[in-house]
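Peer 1: Below is a structure I'd like to ask you about.
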Amino acid sequence: EAQVTQNPRYLITVTGKKLTVTCSQNMNHEYMSWYRQDPGLGLRQIYYSMNVEVTDKGDVPEGYKVSRKEKRNFPLILESPSPNQTSLYFCASSFINRANEQFFGPGTRLTVL
Amino acid sequence: AQSVTQPDIHITVSEGASLELRCNYSYGATPYLFWYVQSPGQGLQLLLKYFSGDTLVQGIKGFEAEFKRSQSSFNLRKPSVHWSDAAEYFCAVGATLNAGNNRKLIWGLGTSLAVNP
């Protein structure tokens with residue numbers, strides 16, 4: 001089944017404790033992206049990647065890192081999480097030539113205490 | 001600036017009634033337009049998309065949307081709503097292929113749909 005998977009689905013952590021949210025897709029998509037969803041602010045892009053070893057900042061990259069060592073994986077790293085990073089995170093992927101028809105993972109709900 | 005407006009934050013309809021969710025966009029060129037649905041605790045599922053051609057597009061679950069360039073709108077419709085349609089609906093605009101590398105979607109804030117039995 002074609003899908004985007006994220007792990008964990010739910011995470012409660014404390015300020016400053018490094019964490020990684022994994023994202024994996026099995027559709028051979030070149031493009032991958034991370035969004036966060038917050039009430040009243042909608043979905044905002046954090047980082048994106050056009051292909052392996054090619055990443056760039058989205059609208060709200062502060063406090064996040066990403067890597068793209070393999071085509072299928074695009075982990076989101078929070079080196080020192082803070083409470084303002086409490087949010088619902090979505091990973092998405094698409095083919096470069098399929099103009100934004102992005103497939104989304106199920107989401108990761110992160111709470112930073 | 002690029003933006004998407006969904007004027008209705010919350011809508012309640014009765015099961016079997018018709019539905020129209022509004023979406024207006026601001027974009028410098030012909031956009032790619034999308035409607036996604038998010039059920040409680042679920043991810044985002046693509047309902048339908050408009051890239052070009054026929055301005056009335058059909059999607060999954062009996063939904064359709066009409067692109068009206070003159071009104072900068074892309075309203076979502078369904079003739080008869082089912083209780084399972086209760087969810088959050090998001091309209092999004094995407095950059096065309098020649099607009100640069102980022103395939104970022106610009107999102108509306110969503111419309112929450114409740115369905116009365």
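By convention in this document, the chains of the structure tokens carry letters A, B, ... by their order, each chain's residues are numbered from 1, and ligands are numbered from 1 in the order they are shown.
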Would you list which chain B residues are within 12 Å of chain A using only C-alpha atoms, as a PyMOL selection string?
Peer 2: chain B and resi 3-6+9+31-52+88-111
Peer 1: Those same residues - N, CA and C atoms - I'd like them written as a compact mmCIF listing (two decimals), in the first residue's frame.
Peer 2:
```
# COMPACT_ATOMS: atom_id res chain seq x y z
N SER B 3 -2.45 33.79 -0.47
CA SER B 3 -3.25 33.46 0.71
C SER B 3 -4.48 32.67 0.30
N VAL B 4 -5.04 31.99 1.27
CA VAL B 4 -6.27 31.24 1.08
C VAL B 4 -7.20 31.59 2.23
N THR B 5 -8.44 31.91 1.90
CA THR B 5 -9.42 32.28 2.91
C THR B 5 -10.59 31.31 2.86
N GLN B 6 -10.89 30.75 4.00
CA GLN B 6 -12.10 29.96 4.14
C GLN B 6 -12.99 30.74 5.11
N ILE B 9 -15.80 29.31 9.58
CA ILE B 9 -15.00 28.53 10.52
C ILE B 9 -15.71 27.22 10.86
N PRO B 31 -3.35 29.12 -10.22
CA PRO B 31 -2.88 28.23 -9.14
C PRO B 31 -3.30 26.79 -9.38
N TYR B 32 -2.65 25.94 -8.65
CA TYR B 32 -3.16 24.59 -8.48
C TYR B 32 -3.97 24.61 -7.18
N LEU B 33 -5.17 24.05 -7.20
CA LEU B 33 -6.09 24.15 -6.08
C LEU B 33 -6.46 22.78 -5.56
N PHE B 34 -6.59 22.70 -4.26
CA PHE B 34 -6.85 21.42 -3.62
C PHE B 34 -7.87 21.59 -2.50
N TRP B 35 -8.60 20.51 -2.26
CA TRP B 35 -9.37 20.35 -1.04
C TRP B 35 -8.91 19.07 -0.35
N TYR B 36 -8.60 19.23 0.94
CA TYR B 36 -8.24 18.09 1.77
C TYR B 36 -9.26 17.97 2.90
N VAL B 37 -9.41 16.75 3.41
CA VAL B 37 -10.27 16.52 4.55
C VAL B 37 -9.45 15.88 5.67
N GLN B 38 -9.72 16.33 6.88
CA GLN B 38 -9.05 15.78 8.05
C GLN B 38 -10.10 15.31 9.04
N SER B 39 -10.21 14.01 9.20
CA SER B 39 -11.13 13.46 10.19
C SER B 39 -10.46 13.47 11.54
N PRO B 40 -11.23 13.47 12.62
CA PRO B 40 -10.64 13.55 13.96
C PRO B 40 -9.55 12.51 14.18
N GLY B 41 -8.38 12.98 14.57
CA GLY B 41 -7.27 12.08 14.84
C GLY B 41 -6.63 11.47 13.62
N GLN B 42 -7.02 11.95 12.45
CA GLN B 42 -6.49 11.38 11.22
C GLN B 42 -5.61 12.38 10.48
N GLY B 43 -4.95 11.87 9.48
CA GLY B 43 -4.14 12.73 8.63
C GLY B 43 -5.00 13.47 7.63
N LEU B 44 -4.35 14.02 6.64
CA LEU B 44 -5.03 14.81 5.61
C LEU B 44 -5.19 13.96 4.36
N GLN B 45 -6.43 13.88 3.90
CA GLN B 45 -6.73 13.09 2.71
C GLN B 45 -7.17 14.02 1.59
N LEU B 46 -6.60 13.82 0.42
CA LEU B 46 -6.95 14.64 -0.73
C LEU B 46 -8.34 14.28 -1.24
N LEU B 47 -9.23 15.28 -1.31
CA LEU B 47 -10.58 15.07 -1.83
C LEU B 47 -10.60 15.26 -3.34
N LEU B 48 -10.00 16.35 -3.78
CA LEU B 48 -9.98 16.65 -5.21
C LEU B 48 -8.97 17.75 -5.48
N LYS B 49 -8.69 17.93 -6.77
CA LYS B 49 -7.69 18.92 -7.17
C LYS B 49 -8.07 19.53 -8.50
N TYR B 50 -7.61 20.75 -8.72
CA TYR B 50 -7.77 21.40 -10.01
C TYR B 50 -6.40 21.86 -10.48
N PHE B 51 -6.05 21.45 -11.69
CA PHE B 51 -4.81 21.90 -12.29
C PHE B 51 -5.09 22.75 -13.51
N SER B 52 -5.98 22.26 -14.37
CA SER B 52 -6.33 22.99 -15.59
C SER B 52 -7.54 22.30 -16.20
N GLU B 88 -12.90 18.17 9.37
CA GLU B 88 -12.34 19.49 9.07
C GLU B 88 -11.93 19.49 7.61
N TYR B 89 -12.29 20.55 6.90
CA TYR B 89 -12.01 20.63 5.47
C TYR B 89 -11.07 21.80 5.21
N PHE B 90 -10.03 21.51 4.44
CA PHE B 90 -9.01 22.52 4.16
C PHE B 90 -8.89 22.74 2.66
N CYS B 91 -8.88 24.00 2.29
CA CYS B 91 -8.59 24.40 0.92
C CYS B 91 -7.12 24.80 0.87
N ALA B 92 -6.44 24.46 -0.22
CA ALA B 92 -5.02 24.79 -0.33
C ALA B 92 -4.68 25.20 -1.76
N VAL B 93 -3.69 26.04 -1.85
CA VAL B 93 -3.18 26.51 -3.13
C VAL B 93 -1.73 26.08 -3.27
N GLY B 94 -1.37 25.62 -4.45
CA GLY B 94 0.00 25.20 -4.68
C GLY B 94 0.63 25.95 -5.82
N ALA B 95 1.96 26.08 -5.77
CA ALA B 95 2.67 26.77 -6.82
C ALA B 95 2.71 25.92 -8.08
N THR B 96 2.68 26.58 -9.23
CA THR B 96 2.83 25.86 -10.48
C THR B 96 4.27 25.41 -10.66
N LEU B 97 4.48 24.51 -11.58
CA LEU B 97 5.79 23.89 -11.72
C LEU B 97 6.87 24.89 -12.09
N ASN B 98 6.51 25.95 -12.76
CA ASN B 98 7.53 26.91 -13.19
C ASN B 98 7.70 28.04 -12.20
N ALA B 99 7.17 27.86 -11.00
CA ALA B 99 7.24 28.95 -10.02
C ALA B 99 8.34 28.73 -9.01
N GLY B 100 9.24 27.84 -9.30
CA GLY B 100 10.32 27.60 -8.36
C GLY B 100 10.27 26.19 -7.84
N ASN B 101 11.22 25.90 -6.99
CA ASN B 101 11.37 24.53 -6.57
C ASN B 101 10.38 24.09 -5.52
N ASN B 102 10.07 24.95 -4.59
CA ASN B 102 9.28 24.51 -3.46
C ASN B 102 7.85 24.20 -3.88
N ARG B 103 7.40 23.03 -3.52
CA ARG B 103 6.03 22.65 -3.81
C ARG B 103 5.12 22.92 -2.62
N LYS B 104 5.47 23.96 -1.87
CA LYS B 104 4.72 24.28 -0.68
C LYS B 104 3.26 24.52 -0.98
N LEU B 105 2.40 24.02 -0.12
CA LEU B 105 0.99 24.32 -0.19
C LEU B 105 0.68 25.45 0.78
N ILE B 106 -0.15 26.38 0.34
CA ILE B 106 -0.61 27.46 1.20
C ILE B 106 -2.04 27.11 1.60
N TRP B 107 -2.27 27.13 2.89
CA TRP B 107 -3.51 26.56 3.42
C TRP B 107 -4.47 27.60 3.95
N GLY B 108 -5.76 27.33 3.78
CA GLY B 108 -6.75 28.05 4.54
C GLY B 108 -6.77 27.51 5.96
N LEU B 109 -7.51 28.18 6.83
CA LEU B 109 -7.55 27.77 8.23
C LEU B 109 -8.55 26.66 8.50
N GLY B 110 -9.29 26.29 7.49
CA GLY B 110 -10.17 25.15 7.64
C GLY B 110 -11.59 25.54 7.99
N THR B 111 -12.51 24.65 7.61
CA THR B 111 -13.92 24.75 8.00
C THR B 111 -14.30 23.45 8.69
```
Peer 1: Which residues are close to Glu70 (chain A), i.e. within 10 Å by only C-alpha atoms, leaving aside same-chain residues fewer than 3 positions away? Reply as a PyMOL selection string.
Peer 2: chain A and resi 24+51-53+67+73-74
Peer 1: Given the selection you just returned, output its residues as a file containing N, CA, C and O atoms, formatted as a tab-separated table (two decimals), in the first residue's frame.
Peer 2:
```tsv
chain	number	residue	atom	x	y	z
A	24	SER	N	8.62	8.29	6.57
A	24	SER	CA	9.06	7.41	5.50
A	24	SER	C	7.94	7.25	4.49
A	24	SER	O	6.78	7.14	4.85
A	51	ASN	N	15.14	16.42	-3.06
A	51	ASN	CA	15.70	15.10	-3.37
A	51	ASN	C	16.75	14.77	-2.32
A	51	ASN	O	16.99	15.57	-1.39
A	52	VAL	N	17.39	13.65	-2.47
A	52	VAL	CA	18.41	13.23	-1.52
A	52	VAL	C	19.47	14.32	-1.39
A	52	VAL	O	19.93	14.86	-2.39
A	53	GLU	N	19.81	14.64	-0.15
A	53	GLU	CA	20.85	15.62	0.18
A	53	GLU	C	20.49	17.04	-0.24
A	53	GLU	O	21.35	17.93	-0.22
A	67	SER	N	17.12	16.00	7.68
A	67	SER	CA	18.15	15.39	6.85
A	67	SER	C	17.47	14.54	5.79
A	67	SER	O	16.34	14.09	5.97
A	73	ASN	N	13.25	8.52	3.31
A	73	ASN	CA	13.17	8.99	4.69
A	73	ASN	C	13.48	10.47	4.84
A	73	ASN	O	14.41	10.99	4.18
A	74	PHE	N	12.75	11.12	5.72
A	74	PHE	CA	12.94	12.55	5.92
A	74	PHE	C	12.66	12.87	7.40
A	74	PHE	O	11.60	13.39	7.75
```
Peer 1: Could you please write out, as a PyMOL selection string, every residue of chain A that DSSP assigns to strand (DSSP E or B)?
Peer 2: chain A and resi 4-7+10-13+19-25+31-38+42-51+54-57+65-66+73+76-78+87-94+103-104+108-112
Peer 1: Identify, on the basis of only C-alpha atoms, every residue whose closest approach to Ala114 (chain B) does not exceed 9 Å; exclude the query and any residue fewer than 3 positions from it along the same chain; express the result as a PyMOL selection string.
Peer 2: chain B and resi 10-14+83+85-88
Peer 1: Using DSSP assignments from the backbone, pull out every residue in region 42-105 of chain A that falls under helix (DSSP H, G or I) and give it to me as a list of chain:residue names.
Peer 2: A:Pro83, A:Asn84, A:Gln85, A:Ile96, A:Asn97, A:Arg98
Peer 1: For a test of reading the model, state the distance in Å between CA of Leu56 (chain B) and CA of His29 (chain A), rounded to one decimal.
Peer 2: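 Computing it gives 28.1 Å between the two atoms.
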Peer 1: Please report the interatomic distance between CA of Ser72 (chain B) and CA of Thr30 (chain B) in Å with one decimal.
Peer 2: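 Separating CA of Ser72 (chain B) from CA of Thr30 (chain B) is a distance of 9.9 Å.
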Peer 1: So, with only C-alpha atoms as the atoms that count, which of B:Asn24, B:Val115, B:Asp54, B:Pro7 lies closest to Ser70 (chain B)?
Peer 2: B:Asn24
Peer 1: Under the rule that only C-alpha atoms are counted, which of B:Gly28, B:Ser80, B:Arg22, B:Asp8 is the nearest residue to Phe67 (chain B)?
Peer 2: B:Arg22
Peer 1: Tell me which protein, DNA and RNA residues are within 10 Å of region 7-15 of chain A, counting only C-alpha atoms, leaving out same-chain ones fewer than 2 positions away, and put them as a ChimeraX atom specification.
Peer 2: /A:5,17-24,75,80-86,88-89,105-113
Peer 1: Restricting the calculation to only C-alpha atoms: of B:Leu21, B:His82, B:Tyr27, B:Glu15, which residue gets closest to Glu64 (chain B)?
Peer 2: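 Looking at the shortest contact to Glu64 (chain B), the residue is B:Leu21.
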Peer 1: Using only C-alpha atoms, find the one residue out of B:Leu76, B:Ala17, B:Leu113, B:Ala1 that sits nearest to Gln58 (chain B).
Peer 2: B:Leu76
